[in-house]
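A.B. asks: Structure file run_13.txt (compact mmCIF, N, CA and C atoms) is given on the next line.
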# COMPACT_ATOMS: atom_id res chain seq x y z
N MET A 246 67.53 116.07 83.72
CA MET A 246 67.08 114.77 83.27
C MET A 246 66.92 113.87 84.49
N ASP A 247 65.78 113.30 84.66
CA ASP A 247 65.50 112.46 85.82
C ASP A 247 65.55 111.00 85.40
N LEU A 248 66.61 110.31 85.79
CA LEU A 248 66.78 108.91 85.43
C LEU A 248 65.97 108.01 86.34
N PRO A 249 65.47 106.89 85.82
CA PRO A 249 64.67 105.98 86.65
C PRO A 249 65.52 105.20 87.67
N ILE A 250 66.81 105.16 87.46
CA ILE A 250 67.70 104.43 88.37
C ILE A 250 68.51 105.45 89.17
N LYS A 251 68.55 105.26 90.48
CA LYS A 251 69.33 106.15 91.34
C LYS A 251 70.53 105.37 91.88
N PHE A 252 71.71 105.87 91.61
CA PHE A 252 72.92 105.25 92.11
C PHE A 252 73.31 105.93 93.42
N PRO A 253 73.84 105.15 94.37
CA PRO A 253 74.26 105.78 95.64
C PRO A 253 75.47 106.68 95.40
N SER A 254 75.58 107.69 96.22
CA SER A 254 76.74 108.56 96.11
C SER A 254 77.96 107.84 96.66
N ASP A 255 79.14 108.31 96.29
CA ASP A 255 80.38 107.72 96.81
C ASP A 255 80.40 107.80 98.33
N THR A 256 79.89 108.89 98.87
CA THR A 256 79.87 109.06 100.33
C THR A 256 79.03 107.99 101.00
N GLU A 257 77.88 107.69 100.42
CA GLU A 257 77.01 106.65 100.99
C GLU A 257 77.69 105.29 100.95
N VAL A 258 78.33 104.98 99.83
CA VAL A 258 79.00 103.70 99.69
C VAL A 258 80.13 103.57 100.71
N ILE A 259 80.92 104.61 100.85
CA ILE A 259 82.03 104.59 101.80
C ILE A 259 81.52 104.43 103.22
N ARG A 260 80.46 105.14 103.58
CA ARG A 260 79.90 105.02 104.93
C ARG A 260 79.43 103.60 105.20
N GLU A 261 78.79 102.98 104.22
CA GLU A 261 78.34 101.60 104.39
C GLU A 261 79.52 100.65 104.58
N GLU A 262 80.57 100.83 103.78
CA GLU A 262 81.74 99.98 103.91
C GLU A 262 82.43 100.17 105.25
N VAL A 263 82.51 101.40 105.72
CA VAL A 263 83.10 101.68 107.03
C VAL A 263 82.28 101.02 108.13
N ALA A 264 80.97 101.12 108.04
CA ALA A 264 80.10 100.51 109.06
C ALA A 264 80.28 99.00 109.07
N ARG A 265 80.36 98.38 107.90
CA ARG A 265 80.58 96.91 107.84
C ARG A 265 81.93 96.54 108.46
N PHE A 266 82.96 97.33 108.15
CA PHE A 266 84.29 97.04 108.69
C PHE A 266 84.30 97.19 110.21
N ARG A 267 83.71 98.26 110.71
CA ARG A 267 83.68 98.50 112.15
C ARG A 267 82.88 97.45 112.90
N ALA A 268 81.94 96.81 112.22
CA ALA A 268 81.13 95.77 112.87
C ALA A 268 81.89 94.46 113.00
N LEU A 269 83.00 94.33 112.31
CA LEU A 269 83.79 93.09 112.38
C LEU A 269 84.51 92.99 113.72
N SER A 270 84.80 91.76 114.10
CA SER A 270 85.61 91.54 115.30
C SER A 270 87.04 91.99 115.00
N PRO A 271 87.83 92.25 116.05
CA PRO A 271 89.23 92.65 115.80
C PRO A 271 89.99 91.64 114.93
N GLU A 272 89.76 90.36 115.14
CA GLU A 272 90.45 89.35 114.35
C GLU A 272 90.03 89.41 112.88
N LYS A 273 88.75 89.59 112.63
CA LYS A 273 88.28 89.67 111.25
C LYS A 273 88.75 90.97 110.59
N ARG A 274 88.89 92.04 111.36
CA ARG A 274 89.45 93.28 110.81
C ARG A 274 90.90 93.04 110.40
N ARG A 275 91.65 92.38 111.28
CA ARG A 275 93.06 92.08 110.98
C ARG A 275 93.16 91.25 109.70
N ARG A 276 92.31 90.23 109.59
CA ARG A 276 92.32 89.38 108.39
C ARG A 276 91.99 90.18 107.14
N ALA A 277 91.03 91.09 107.25
CA ALA A 277 90.66 91.92 106.09
C ALA A 277 91.84 92.80 105.66
N ILE A 278 92.52 93.38 106.63
CA ILE A 278 93.67 94.24 106.31
C ILE A 278 94.80 93.42 105.70
N VAL A 279 95.10 92.27 106.30
CA VAL A 279 96.16 91.40 105.76
C VAL A 279 95.79 90.94 104.36
N GLY A 280 94.53 90.60 104.14
CA GLY A 280 94.09 90.19 102.81
C GLY A 280 94.27 91.28 101.78
N ALA A 281 93.95 92.51 102.15
CA ALA A 281 94.12 93.64 101.23
C ALA A 281 95.60 93.86 100.92
N LEU A 282 96.44 93.74 101.93
CA LEU A 282 97.88 93.91 101.70
C LEU A 282 98.42 92.80 100.80
N ARG A 283 97.96 91.57 101.03
CA ARG A 283 98.40 90.46 100.17
C ARG A 283 97.94 90.67 98.74
N LEU A 284 96.70 91.12 98.57
CA LEU A 284 96.19 91.37 97.23
C LEU A 284 97.05 92.42 96.53
N GLY A 285 97.39 93.49 97.24
CA GLY A 285 98.25 94.52 96.67
C GLY A 285 99.61 93.95 96.28
N GLY A 286 100.16 93.10 97.14
CA GLY A 286 101.44 92.46 96.83
C GLY A 286 101.36 91.58 95.60
N ASN A 287 100.24 90.85 95.48
CA ASN A 287 100.05 89.99 94.29
C ASN A 287 99.94 90.82 93.02
N ILE A 288 99.24 91.94 93.11
CA ILE A 288 99.10 92.81 91.95
C ILE A 288 100.46 93.36 91.54
N ILE A 289 101.24 93.78 92.53
CA ILE A 289 102.58 94.31 92.24
C ILE A 289 103.46 93.24 91.62
N SER A 290 103.46 92.04 92.21
CA SER A 290 104.35 91.00 91.72
C SER A 290 103.98 90.50 90.32
N SER A 291 102.72 90.63 89.93
CA SER A 291 102.32 90.19 88.59
C SER A 291 102.40 91.31 87.55
N SER A 292 102.78 92.49 87.99
CA SER A 292 102.87 93.63 87.08
C SER A 292 104.11 93.52 86.21
N PRO A 293 104.03 94.03 84.97
CA PRO A 293 105.22 94.06 84.13
C PRO A 293 106.31 94.98 84.72
N LYS A 294 105.91 95.88 85.60
CA LYS A 294 106.86 96.79 86.22
C LYS A 294 107.14 96.38 87.67
N ALA A 295 107.07 95.08 87.93
CA ALA A 295 107.20 94.58 89.30
C ALA A 295 108.51 95.02 89.95
N GLN A 296 109.62 94.92 89.25
CA GLN A 296 110.91 95.27 89.84
C GLN A 296 110.97 96.75 90.17
N PHE A 297 110.49 97.59 89.28
CA PHE A 297 110.45 99.03 89.52
C PHE A 297 109.59 99.34 90.74
N LEU A 298 108.40 98.72 90.83
CA LEU A 298 107.50 98.97 91.95
C LEU A 298 108.12 98.49 93.27
N GLN A 299 108.76 97.34 93.24
CA GLN A 299 109.41 96.81 94.44
C GLN A 299 110.52 97.75 94.90
N ASN A 300 111.33 98.21 93.96
CA ASN A 300 112.40 99.14 94.31
C ASN A 300 111.85 100.45 94.86
N SER A 301 110.76 100.93 94.27
CA SER A 301 110.13 102.17 94.75
C SER A 301 109.62 102.00 96.18
N LEU A 302 108.99 100.85 96.46
CA LEU A 302 108.49 100.59 97.81
C LEU A 302 109.62 100.51 98.82
N LEU A 303 110.70 99.84 98.44
CA LEU A 303 111.85 99.73 99.35
C LEU A 303 112.48 101.09 99.61
N GLU A 304 112.57 101.90 98.56
CA GLU A 304 113.14 103.25 98.70
C GLU A 304 112.26 104.11 99.60
N LYS A 305 110.96 104.04 99.40
CA LYS A 305 110.03 104.81 100.23
C LYS A 305 110.10 104.35 101.69
N SER A 306 110.18 103.06 101.89
CA SER A 306 110.26 102.52 103.25
C SER A 306 111.55 102.99 103.95
N ALA A 307 112.65 102.97 103.22
CA ALA A 307 113.91 103.43 103.79
C ALA A 307 113.84 104.92 104.12
N ASN A 308 113.21 105.69 103.25
CA ASN A 308 113.05 107.12 103.49
C ASN A 308 112.16 107.37 104.71
N ASP A 309 111.09 106.60 104.83
CA ASP A 309 110.19 106.73 105.99
C ASP A 309 110.94 106.43 107.29
N ARG A 310 111.77 105.38 107.28
CA ARG A 310 112.55 105.04 108.48
C ARG A 310 113.51 106.17 108.84
N LYS A 311 114.14 106.74 107.83
CA LYS A 311 115.07 107.85 108.06
C LYS A 311 114.35 109.03 108.70
N ILE A 312 113.17 109.36 108.19
CA ILE A 312 112.40 110.47 108.74
C ILE A 312 112.00 110.18 110.18
N GLN A 313 111.56 108.96 110.45
CA GLN A 313 111.19 108.58 111.82
C GLN A 313 112.37 108.72 112.77
N GLU A 314 113.54 108.27 112.33
CA GLU A 314 114.74 108.38 113.17
C GLU A 314 115.07 109.85 113.44
N GLU A 315 114.95 110.69 112.40
CA GLU A 315 115.24 112.12 112.59
C GLU A 315 114.26 112.75 113.58
N VAL A 316 112.99 112.41 113.46
CA VAL A 316 111.99 112.97 114.38
C VAL A 316 112.24 112.49 115.79
N LEU A 317 112.53 111.21 115.95
CA LEU A 317 112.80 110.68 117.29
C LEU A 317 114.05 111.29 117.88
N THR A 318 115.08 111.48 117.07
CA THR A 318 116.32 112.09 117.55
C THR A 318 116.07 113.53 117.98
N LYS A 319 115.28 114.23 117.22
CA LYS A 319 115.04 115.65 117.50
C LYS A 319 114.11 115.86 118.70
N TYR A 320 113.07 115.02 118.83
CA TYR A 320 112.06 115.30 119.84
C TYR A 320 112.04 114.34 121.02
N ALA A 321 112.77 113.24 120.95
CA ALA A 321 112.78 112.30 122.08
C ALA A 321 113.56 112.90 123.24
N THR A 322 113.05 112.68 124.43
CA THR A 322 113.74 113.23 125.60
C THR A 322 114.30 112.13 126.45
Take the structure in the file and write it out as structure tokens.

C.D. replies:
Amino acid sequence: MDLPIKFPSDTEVIREEVARFRALSPEKRRRAIVGALRLGGNIISSSPKAQFLQNSLLEKSANDRKIQEEVLTKYAT
């Protein structure tokens, strides 16, 4: 079936978004990243499961730190 409307593939959309991001100045890239992180934080804090999500993030962060310490202890010279 040949539709009259052609939608871009996910790959094309991602490439365009990457190109737009890479064209930004370092400061604008930083702002975009901080904005995305803030948006994620706002979504989490307004969720009915906000406490569960916050605890999960803290637990994951603590686990990540533990792994980093183990790797540094094992491989640092």

A.B. asks: Set up a box along x, y and z of the file covering all listed atoms of range 256-261 of chain A, add 4 Å on every one of the six sides, and write the centre and edge lengths in Å to one decimal, as lines of an AutoDock Vina configuration file.

C.D. replies:
center_x = 79.5
center_y = 104.9
center_z = 102.0
size_x = 13.0
size_y = 16.4
size_z = 14.3

A.B. asks: From chain A, collect each residue whose DSSP state is helix (DSSP H, G or I) and return the set as an NGL selection string.

C.D. replies: :A and (255-268 or 271-290 or 295-320)

A.B. asks: How many Å lie between CA of Ala307 in chain A and CA of Ser291 in chain A, rounded to one decimal?

C.D. replies: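 CA of Ala307 in chain A sits 23.3 Å away from CA of Ser291 in chain A.
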
A.B. asks: By how many Å are atom N of Gly280 in chain A and atom N of Arg267 in chain A apart?

C.D. replies: 14.8 Å

A.B. asks: In Å, rounded to a single decimal, give me how far atom N of Glu315 in chain A is from atom N of Gly286 in chain A.

C.D. replies: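 That distance, rounded to one decimal, is 27.6 Å.
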